[in-house]
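To start, the structure under review is shown below, and the notes come after it.
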Amino acid sequence: MERKISTGKYILAFFLTLLVFSGGIIIGIFFETIRLNHSQELNLEEKANLKSLQLQQEYIGSGIAECRVLNQILEKNIAELDEKVNTILDYEKRSVLNDREFKLQLRDYFLTEIQFLILSQEIDKNCSRDHLKVLFFYDEDKQDTQGRILDYLKSLFGPRVLIFSFDSGFIEEPMIKLLLTSYHIT
């Protein structure tokens, strides 16, 4: 007795497998697109905050506004920027298809942070107030004790300490390399 091969069952199994596999890919793309859109919103919000702060700084330069208010806004914006980078970095680690777009988002974030650094230096000049500015260049070290120490110092000294953190291995942004060279960091 010969065994009969049922090609219909194999074709059905193939299409069901194809359907499940395709569904998984489509769902993955959907969630990645949502994460990318969210990180774009975060960057747009930070750009708006930066522009607002620059206008306020110009307003203070005219001698009308109070430096205390500008310092409070700067500190608040930098704290929000620090929280948002963690979201972007988390998205980037989980991205599969949009790696280039997440790297562009991260690059834009670092440029915004550099603009905040320059603006804080201008505010210190015009308002006769010196914040302690810490430029922290990190890498992908799982035992990040320096980052934890900086978090502790920030909790101790609050708004008097401004921490600007940059990924020293992020080669997509030449400005980070320039900062590393300017501060003699190897």
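Numbering starts fresh at 1 for the residues of each chain in the structure tokens, the chains themselves are lettered A, B, ... in the order given, and ligands are numbered from 1 as they appear.
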| task | Identify, on the basis of only C-alpha atoms, every residue whose closest approach to range 41-56 of chain A does not exceed 12 Å; exclude the query and any residue fewer than 3 positions from it along the same chain; express the result as a ChimeraX atom specification. | result | /A:34-38,59-88,102,104-120,122-123
- Please provide as a PyMOL selection string all residues within 9 Å of Asp139 in chain A, with the sequence filter that same-chain residues fewer than 4 positions apart are discarded (counting only C-alpha atoms). chain A and resi 144+166-170
Taking the DSSP assignment computed from this structure's backbone, write out as an MDAnalysis selection string all residues of range 8-184 of chain A that belong to helix (DSSP H, G or I). chainID A and resid 8:61 67:94 99:127 145:160 174:182
One decimal place gives the CA of His184 in chain A-CA of Ile149 in chain A separation as 21.8 Å
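Atom pair CA of Leu150 in chain A / CA of Ile163 in chain A has a distance of 7.8 Å (rounded to one decimal).
Take CA of Val134 in chain A and CA of Ser39 in chain A: the distance between them is 25.1 Å.
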